[in-house]
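Below is the file work_24.txt, which contains compact mmCIF, C-alpha atoms.
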# COMPACT_ATOMS: atom_id res chain seq x y z
CA MET A 60 0.00 0.00 0.00
CA ALA A 61 1.33 3.41 -0.90
CA GLN A 62 2.21 5.58 2.09
CA THR A 63 -0.29 8.43 2.42
CA PHE A 64 0.71 9.86 5.81
CA ASP A 65 3.79 11.28 7.55
CA ARG A 66 5.91 9.12 9.90
CA HIS A 67 6.53 11.59 12.75
CA ARG A 68 7.20 8.77 15.21
CA ARG A 69 10.49 7.95 13.49
CA LEU A 70 12.10 10.77 15.49
CA ARG A 71 10.69 9.58 18.84
CA LYS A 72 11.65 5.90 18.86
CA SER A 73 14.39 6.06 21.54
CA ALA A 74 15.70 8.33 24.26
CA ALA A 75 18.85 8.96 22.23
CA MET A 76 16.81 9.94 19.18
CA ARG A 77 14.60 12.26 21.23
CA ASN A 78 17.70 13.86 22.73
CA LEU A 79 19.18 14.31 19.27
CA VAL A 80 16.22 16.25 17.88
CA ARG A 81 15.22 18.17 21.02
CA GLU A 82 14.60 21.80 20.12
CA ASN A 83 14.79 23.58 23.48
CA HIS A 84 16.93 23.03 26.55
CA VAL A 85 17.07 24.41 30.09
CA ARG A 86 20.61 25.02 31.31
CA VAL A 87 21.78 25.94 34.79
CA GLU A 88 23.18 29.13 33.23
CA ASP A 89 19.59 30.17 32.38
CA LEU A 90 18.50 30.24 36.03
CA ILE A 91 18.20 33.23 38.38
CA TYR A 92 17.55 32.41 42.05
CA PRO A 93 15.69 34.93 44.27
CA LEU A 94 16.96 35.55 47.80
CA PHE A 95 15.31 37.25 50.80
CA VAL A 96 17.62 38.85 53.36
CA VAL A 97 16.63 40.05 56.84
CA GLU A 98 18.34 41.78 59.75
CA GLY A 99 19.69 39.80 62.68
CA THR A 100 21.90 36.72 63.08
CA GLY A 101 21.32 32.99 62.88
CA ILE A 102 18.07 33.46 60.99
CA LYS A 103 16.88 30.94 58.44
CA ASN A 104 13.11 31.21 58.47
CA GLU A 105 11.27 28.95 56.06
CA ILE A 106 8.43 30.85 54.40
CA PRO A 107 5.28 28.86 55.29
CA SER A 108 3.66 29.35 51.89
CA MET A 109 6.90 28.61 49.99
CA PRO A 110 8.41 25.32 51.22
CA GLY A 111 12.17 25.25 50.72
CA VAL A 112 12.52 29.05 50.45
CA TYR A 113 13.91 31.03 53.38
CA GLN A 114 14.42 34.46 54.83
CA LEU A 115 18.14 34.66 55.63
CA SER A 116 20.30 36.82 57.86
CA LEU A 117 23.75 37.73 56.57
CA ASP A 118 25.51 34.83 58.29
CA THR A 119 23.11 32.20 56.94
CA LEU A 120 23.16 33.94 53.56
CA ALA A 121 26.90 33.27 53.43
CA GLU A 122 26.26 29.53 53.84
CA GLU A 123 23.44 29.63 51.30
CA MET A 124 25.71 31.26 48.75
CA LYS A 125 28.26 28.45 49.04
CA GLU A 126 25.56 25.97 48.04
CA ILE A 127 24.30 28.18 45.21
CA VAL A 128 27.80 28.55 43.77
CA ALA A 129 28.49 24.81 44.11
CA LEU A 130 25.32 24.08 42.12
CA GLY A 131 26.56 26.21 39.24
CA ILE A 132 23.89 28.91 39.53
CA GLN A 133 25.43 32.13 38.27
CA ALA A 134 22.85 34.82 39.13
CA VAL A 135 20.76 35.78 42.16
CA LEU A 136 17.96 38.34 42.56
CA MET A 137 18.07 40.24 45.85
CA PHE A 138 15.11 41.25 48.01
CA GLY A 139 15.61 42.95 51.37
CA VAL A 140 13.22 42.83 54.33
CA PRO A 141 14.28 45.62 56.70
CA THR A 142 13.14 46.05 60.30
CA HIS A 143 12.57 49.79 59.85
CA LYS A 144 9.95 50.90 57.35
CA ASP A 145 8.57 54.39 56.73
CA ALA A 146 6.39 56.33 54.33
CA CYS A 147 9.20 57.02 51.84
CA GLY A 148 11.01 53.67 52.03
CA THR A 149 14.29 55.24 53.13
CA GLU A 150 15.96 51.87 53.76
CA ALA A 151 15.75 51.22 50.01
CA TYR A 152 18.39 53.89 49.33
CA ASN A 153 20.33 53.69 52.59
CA ASP A 154 23.87 52.60 51.67
CA ASP A 155 24.11 50.59 54.91
CA ALA A 156 20.70 48.92 54.70
CA ILE A 157 20.32 45.14 54.84
CA THR A 158 20.00 44.71 51.06
CA GLN A 159 23.16 46.69 50.34
CA GLN A 160 25.04 44.80 53.06
CA ALA A 161 23.98 41.51 51.52
CA MET A 162 25.11 42.53 48.05
CA ARG A 163 28.52 43.58 49.34
CA LEU A 164 28.85 40.30 51.21
CA ILE A 165 28.07 38.26 48.09
CA LYS A 166 30.36 40.22 45.79
CA GLU A 167 33.26 40.06 48.24
CA ALA A 168 32.97 36.29 48.68
CA HIS A 169 31.89 35.42 45.12
CA PRO A 170 32.92 38.22 42.74
CA GLU A 171 31.91 36.14 39.70
CA MET A 172 28.29 35.87 40.88
CA ILE A 173 25.83 38.11 39.02
CA VAL A 174 23.91 40.07 41.65
CA ILE A 175 20.63 41.51 40.42
CA ALA A 176 19.00 44.15 42.62
CA ASP A 177 15.23 44.35 42.73
CA THR A 178 14.61 48.10 42.66
CA CYS A 179 11.30 48.99 44.27
CA LEU A 180 10.05 50.65 47.46
CA CYS A 181 7.29 48.25 48.52
CA GLU A 182 9.46 46.13 50.84
CA TYR A 183 10.68 49.33 52.55
CA THR A 184 7.49 51.39 52.97
CA ASP A 185 5.20 51.10 55.98
CA HIS A 186 2.17 51.25 53.67
CA GLY A 187 3.41 48.50 51.34
CA HIS A 188 2.97 50.43 48.11
CA CYS A 189 5.68 50.85 45.47
CA GLY A 190 5.93 54.61 45.71
CA VAL A 191 5.31 57.80 47.63
CA ILE A 192 1.71 58.32 48.80
CA HIS A 193 -0.11 61.65 48.61
CA GLU A 194 -3.78 61.78 49.59
CA GLY A 195 -4.16 58.04 49.18
CA GLU A 196 -2.57 57.90 45.71
CA VAL A 197 0.85 56.67 44.56
CA VAL A 198 2.62 59.72 43.14
CA ASN A 199 4.54 58.85 39.99
CA ASP A 200 7.20 61.50 39.44
CA GLU A 201 8.26 61.96 43.06
CA THR A 202 8.68 58.19 43.27
CA LEU A 203 10.99 58.24 40.23
CA ARG A 204 13.49 60.39 42.11
CA LEU A 205 13.64 57.88 44.99
CA LEU A 206 13.97 54.95 42.57
CA GLY A 207 16.98 56.66 41.00
CA GLN A 208 18.56 57.07 44.44
CA THR A 209 17.87 53.41 45.22
CA ALA A 210 19.45 52.20 41.98
CA VAL A 211 22.60 54.25 42.60
CA SER A 212 22.88 52.95 46.17
CA GLN A 213 22.51 49.37 44.92
CA ALA A 214 25.13 49.90 42.20
CA LYS A 215 27.54 51.31 44.81
CA ALA A 216 26.96 48.17 46.88
CA GLY A 217 28.02 45.95 43.98
CA ALA A 218 24.85 45.17 42.04
CA ASP A 219 25.70 43.98 38.54
CA ILE A 220 22.18 44.55 37.19
CA ILE A 221 19.39 46.89 38.33
CA ALA A 222 15.93 45.32 38.04
CA PRO A 223 13.19 47.93 38.65
CA SER A 224 9.83 46.31 39.43
CA ASN A 225 7.74 49.30 40.50
CA MET A 226 5.78 49.97 37.27
CA MET A 227 5.94 53.76 37.52
CA ASP A 228 5.75 55.55 34.18
CA GLY A 229 9.25 56.59 33.11
CA PHE A 230 11.05 54.41 35.65
CA VAL A 231 13.64 53.13 33.16
CA ILE A 232 14.76 56.54 31.91
CA ALA A 233 14.81 57.95 35.45
CA ILE A 234 17.03 55.12 36.67
CA ARG A 235 19.20 55.21 33.56
CA GLU A 236 19.88 58.92 34.01
CA ALA A 237 20.59 58.52 37.72
CA LEU A 238 23.02 55.65 37.11
CA ASP A 239 24.80 57.51 34.31
CA GLU A 240 25.15 60.69 36.36
CA ALA A 241 26.69 58.65 39.20
CA GLY A 242 29.24 57.02 36.87
CA PHE A 243 27.46 53.67 36.48
CA GLU A 244 26.95 53.79 32.71
CA HIS A 245 28.10 50.16 32.53
CA ILE A 246 25.29 48.83 34.77
CA PRO A 247 22.42 47.32 32.70
CA ILE A 248 18.72 47.61 33.54
CA MET A 249 16.57 44.48 33.64
CA SER A 250 13.12 46.02 33.47
CA TYR A 251 9.97 44.40 34.82
CA ALA A 252 8.48 45.60 31.56
CA VAL A 253 5.30 43.51 31.56
CA LYS A 254 4.13 43.13 35.16
CA TYR A 255 0.52 42.31 35.89
CA ALA A 256 -1.53 43.03 39.01
CA SER A 257 -1.74 39.35 39.83
CA ALA A 258 -2.99 37.02 42.55
CA PHE A 259 0.07 34.86 41.78
CA TYR A 260 2.20 37.12 44.02
CA GLY A 261 0.51 36.09 47.29
CA PRO A 262 3.29 33.92 48.80
CA PHE A 263 5.93 36.48 47.79
CA ARG A 264 4.24 39.08 49.95
CA ASP A 265 4.62 36.71 52.90
CA ALA A 266 8.32 36.43 52.08
CA ALA A 267 9.01 40.12 51.53
CA GLY A 268 6.51 41.62 53.95
CA SER A 269 5.19 43.86 51.19
CA THR A 270 1.41 43.50 51.32
CA PRO A 271 -0.27 46.89 50.73
CA GLN A 272 -1.86 48.21 53.92
CA PHE A 273 -4.72 49.75 51.93
CA GLY A 274 -6.10 49.38 48.43
CA ASP A 275 -4.19 47.45 45.78
CA ARG A 276 -1.64 47.98 43.01
CA LYS A 277 -4.03 48.02 40.06
CA SER A 278 -3.44 51.71 39.35
CA TYR A 279 0.18 51.01 38.40
CA GLN A 280 0.52 47.28 37.66
CA MET A 281 -1.19 46.02 34.49
CA ASP A 282 -4.66 44.57 34.02
CA ALA A 283 -4.33 40.80 33.57
CA ALA A 284 -6.71 40.93 30.60
CA ASN A 285 -4.44 43.14 28.46
CA ALA A 286 -1.81 42.01 25.98
CA ARG A 287 -1.42 44.98 23.61
CA GLU A 288 -0.84 47.18 26.64
CA GLY A 289 2.09 44.95 27.55
CA LEU A 290 3.68 45.59 24.18
CA ARG A 291 3.27 49.35 24.72
CA GLU A 292 4.89 49.09 28.15
CA ALA A 293 7.79 47.09 26.75
CA ALA A 294 8.26 49.48 23.82
CA SER A 295 8.49 52.42 26.24
CA ASP A 296 11.13 50.63 28.30
CA VAL A 297 13.18 49.75 25.22
CA LYS A 298 13.04 53.37 24.08
CA GLU A 299 14.12 54.54 27.54
CA GLY A 300 17.17 52.25 27.60
CA ALA A 301 16.21 48.88 29.09
CA ASP A 302 18.73 46.08 28.47
CA PHE A 303 16.48 43.12 29.46
CA LEU A 304 12.68 42.71 29.53
CA ILE A 305 10.88 40.70 32.22
CA VAL A 306 7.42 39.15 31.99
CA LYS A 307 5.82 38.63 35.42
CA PRO A 308 4.07 36.30 36.18
CA GLY A 309 5.61 33.96 33.64
CA LEU A 310 3.49 30.82 33.49
CA ALA A 311 0.04 32.41 33.42
CA PHE A 312 1.20 34.97 30.85
CA MET A 313 3.45 32.88 28.64
CA ASP A 314 1.80 34.43 25.60
CA MET A 315 3.51 37.68 26.56
CA VAL A 316 6.90 35.98 26.60
CA LEU A 317 6.23 34.95 23.00
CA ARG A 318 4.91 38.41 22.02
CA LEU A 319 8.00 40.12 23.41
CA ARG A 320 10.28 37.60 21.72
CA GLU A 321 8.60 38.31 18.37
CA ASN A 322 8.74 42.10 18.75
CA PHE A 323 12.04 42.89 20.51
CA ASN A 324 15.63 41.74 20.14
CA LEU A 325 16.59 42.21 23.80
CA PRO A 326 17.07 39.28 26.20
CA ILE A 327 13.69 38.16 27.56
CA VAL A 328 13.26 37.00 31.16
CA ALA A 329 10.33 34.93 32.46
CA TYR A 330 9.60 35.24 36.18
CA ASN A 331 8.24 31.92 37.49
CA VAL A 332 6.56 33.58 40.47
CA SER A 333 5.81 32.53 44.03
CA ALA A 334 2.31 31.06 43.67
CA GLU A 335 3.38 29.12 40.58
CA TYR A 336 6.12 27.64 42.75
CA SER A 337 3.90 27.08 45.79
CA MET A 338 1.16 25.26 43.90
CA VAL A 339 3.68 22.79 42.49
CA LYS A 340 5.33 22.30 45.89
CA ALA A 341 2.00 21.74 47.63
CA ALA A 342 0.89 19.18 45.07
CA ALA A 343 4.26 17.43 45.21
CA LEU A 344 4.22 17.25 49.02
CA ASN A 345 0.81 15.57 48.77
CA GLY A 346 2.15 13.05 46.25
CA TRP A 347 -0.23 14.22 43.55
CA ILE A 348 2.36 15.06 40.86
CA ASP A 349 5.84 14.20 39.65
CA GLU A 350 7.53 17.43 40.79
CA GLU A 351 10.65 17.13 38.65
CA ARG A 352 8.73 16.48 35.43
CA ILE A 353 6.21 19.25 36.12
CA VAL A 354 8.93 21.81 36.87
CA MET A 355 11.08 20.87 33.89
CA GLU A 356 8.12 20.95 31.51
CA THR A 357 7.23 24.41 32.81
CA LEU A 358 10.75 25.76 32.38
CA VAL A 359 11.11 24.23 28.92
CA GLY A 360 7.80 25.93 28.11
CA PHE A 361 9.33 29.29 29.02
CA LYS A 362 12.27 28.56 26.76
CA ARG A 363 10.01 27.40 23.95
CA ALA A 364 8.01 30.64 24.22
CA GLY A 365 11.24 32.62 23.79
CA ALA A 366 12.66 33.29 27.26
CA ASP A 367 16.43 33.53 27.42
CA MET A 368 16.54 33.20 31.20
CA ILE A 369 14.17 32.29 34.02
CA ILE A 370 13.80 33.70 37.52
CA THR A 371 12.58 30.76 39.58
CA TYR A 372 12.41 29.54 43.17
CA HIS A 373 12.94 26.05 41.75
CA ALA A 374 16.47 26.99 40.65
CA LYS A 375 18.38 24.94 43.24
CA ASP A 376 16.29 21.83 42.61
CA VAL A 377 16.62 22.25 38.85
CA ALA A 378 20.40 22.67 39.12
CA LYS A 379 20.58 19.37 41.03
CA TRP A 380 18.39 17.58 38.48
CA LEU A 381 20.45 18.90 35.56
CA ALA A 382 23.70 17.87 37.25
CA ARG A 383 22.37 14.36 37.77
Output the structure of this file as structure tokens.
Amino acid sequence: MAQTFDRHRRLRKSAAMRNLVRENHVRVEDLIYPLFVVEGTGIKNEIPSMPGVYQLSLDTLAEEMKEIVALGIQAVLMFGVPTHKDACGTEAYNDDAITQQAMRLIKEAHPEMIVIADTCLCEYTDHGHCGVIHEGEVVNDETLRLLGQTAVSQAKAGADIIAPSNMMDGFVIAIREALDEAGFEHIPIMSYAVKYASAFYGPFRDAAGSTPQFGDRKSYQMDAANAREGLREAASDVKEGADFLIVKPGLAFMDMVLRLRENFNLPIVAYNVSAEYSMVKAAALNGWIDEERIVMETLVGFKRAGADMIITYHAKDVAKWLAR
């Protein structure tokens, strides 16, 4: 009988054949691991909603970094959780604040490690919003000035990349100008270009202590229903000088990873956020899923959509699986 159909299964017949024709790969070099640092000593507090993720004091951070380096992870994303918080988030741009201390510690011990500084005010304000508040509203332009100060302070502390996550209009150009004026022209900006007002951030707010004390962030973070708006946001950031573009959350908005890949030539970053992590961990702890396969399929999905790198709380586990 004459063949009238394609034989796609020829390329799936063995593990070696599947490996040979595999189109996308996750490498340990693609991974960025988030870290939460707190004041004090001897602190390693597991975040209840994020099993396996911890708040760390500087001494336990030093031990954590040894493991991260041994696993081959080459980049970390820093979040600070200070004891003192106020209306203007002054600990964000205090050169001796916990985040800046942590970055100096990492760079002194592991100068080859890429330290990425999350640049926002929400972890440092007593109201939990990402900017200065006037009459119940987040004020855009006054916040930009403080974000510029924060970025410069982080660069002075050793940050290799500034990653602003605040979603103020003009935040990239404001930070770029501040860095350049301070002599940090060489420091790139990894912009949270497409960041949605999402329920997927819930566990992160437990980790960073950044839950808004009133209202929500929908006046500055994006509506989850909008895609074209995300392209406009990204285009503005590219025009203002962004060097990387982040999509956050990553898994629920993988279409935006693909849209950015198709429209911009900059490196694209997918943020595999806290609730995406926590749901997998909870299911795995109950024996409902194969954790390794679920995680690897998710990360390969990010790569297939066009992500060049992935911020993920699974990074240490993935590094171990890849090494094995």
By how many Å are atom CA of Val253 of chain A and atom CA of Leu310 of chain A apart?
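Calculated distance between atom CA of Val253 of chain A and atom CA of Leu310 of chain A is 13.0 Å.
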Which is closest to Asp302 of chain A among A:Tyr255, A:Asp314, A:Ile221, A:Tyr336, if we use only C-alpha atoms?
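With only C-alpha atoms as the atom set, the closest residue is A:Ile221.
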If you count only C-alpha atoms, which residues fall within 12 Å of Asp239 of chain A, apart from same-chain ones fewer than 4 positions away, as a ChimeraX atom specification?
/A:207-208,210-211,214,232-235,243-248,300
Give me, as a PyMOL selection string, all polymer residues having an atom no more than 12 Å from segment 117-128 of chain A, counting only C-alpha atoms and skipping those fewer than 3 positions away in the same chain.
chain A and resi 87-88+90-104+112-114+131-135+137+139-140+156-174+374-379
Write out as a VMD selection string which residues come within 12 Å of segment 284-288 of chain A when counting only C-alpha atoms, dropping same-chain ones fewer than 5 positions away.
chain A and resid 252 to 257 293 to 295 306 311 to 319 322
Could you save those same residues with C-alpha atoms as a short mmCIF file (atom, residue, chain, number, x, y, z; two decimals), in the coordinates of the input?
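The resulting file, out11.cif, is shown below:
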data_model
loop_
_atom_site.label_atom_id
_atom_site.label_comp_id
_atom_site.auth_asym_id
_atom_site.auth_seq_id
_atom_site.Cartn_x
_atom_site.Cartn_y
_atom_site.Cartn_z
CA ALA A 252 8.48 45.60 31.56
CA VAL A 253 5.30 43.51 31.56
CA LYS A 254 4.13 43.13 35.16
CA TYR A 255 0.52 42.31 35.89
CA ALA A 256 -1.53 43.03 39.01
CA SER A 257 -1.74 39.35 39.83
CA ALA A 293 7.79 47.09 26.75
CA ALA A 294 8.26 49.48 23.82
CA SER A 295 8.49 52.42 26.24
CA VAL A 306 7.42 39.15 31.99
CA ALA A 311 0.04 32.41 33.42
CA PHE A 312 1.20 34.97 30.85
CA MET A 313 3.45 32.88 28.64
CA ASP A 314 1.80 34.43 25.60
CA MET A 315 3.51 37.68 26.56
CA VAL A 316 6.90 35.98 26.60
CA LEU A 317 6.23 34.95 23.00
CA ARG A 318 4.91 38.41 22.02
CA LEU A 319 8.00 40.12 23.41
CA ASN A 322 8.74 42.10 18.75
#
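Here atom CA of Gly217 of chain A is placed at a distance of 20.6 Å from atom CA of Arg204 of chain A.
Nearest to Gly365 of chain A of all the residues A:Ala341, A:Ala216, A:Ala237, A:Ile305 is A:Ile305, counting only C-alpha atoms.
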Pick out the residues sitting within 12 Å of Ile353 of chain A, and hand them over as a list in words; count all atoms listed in the file, and ignore anything fewer than 4 positions along from it in its own chain.
Glu335, Tyr336, Met338, Val339, Lys340, Ala342, Ala343, Trp347, Ile348, Asp349, Thr357, Leu358, Val359, Gly360, His373 and Val377 of chain A
If you measure from atom CA of Ala176 of chain A to atom CA of Ile370 of chain A, what distance in Å do you get, rounded to one decimal?
12.7 Å
With only C-alpha atoms as the atoms that count, which of A:Met355, A:Cys179, A:Met368, A:Met281 lies nearest to Pro326 of chain A?
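Of A:Met355, A:Cys179, A:Met368, A:Met281, the one nearest Pro326 of chain A, counting only C-alpha atoms, is A:Met368.
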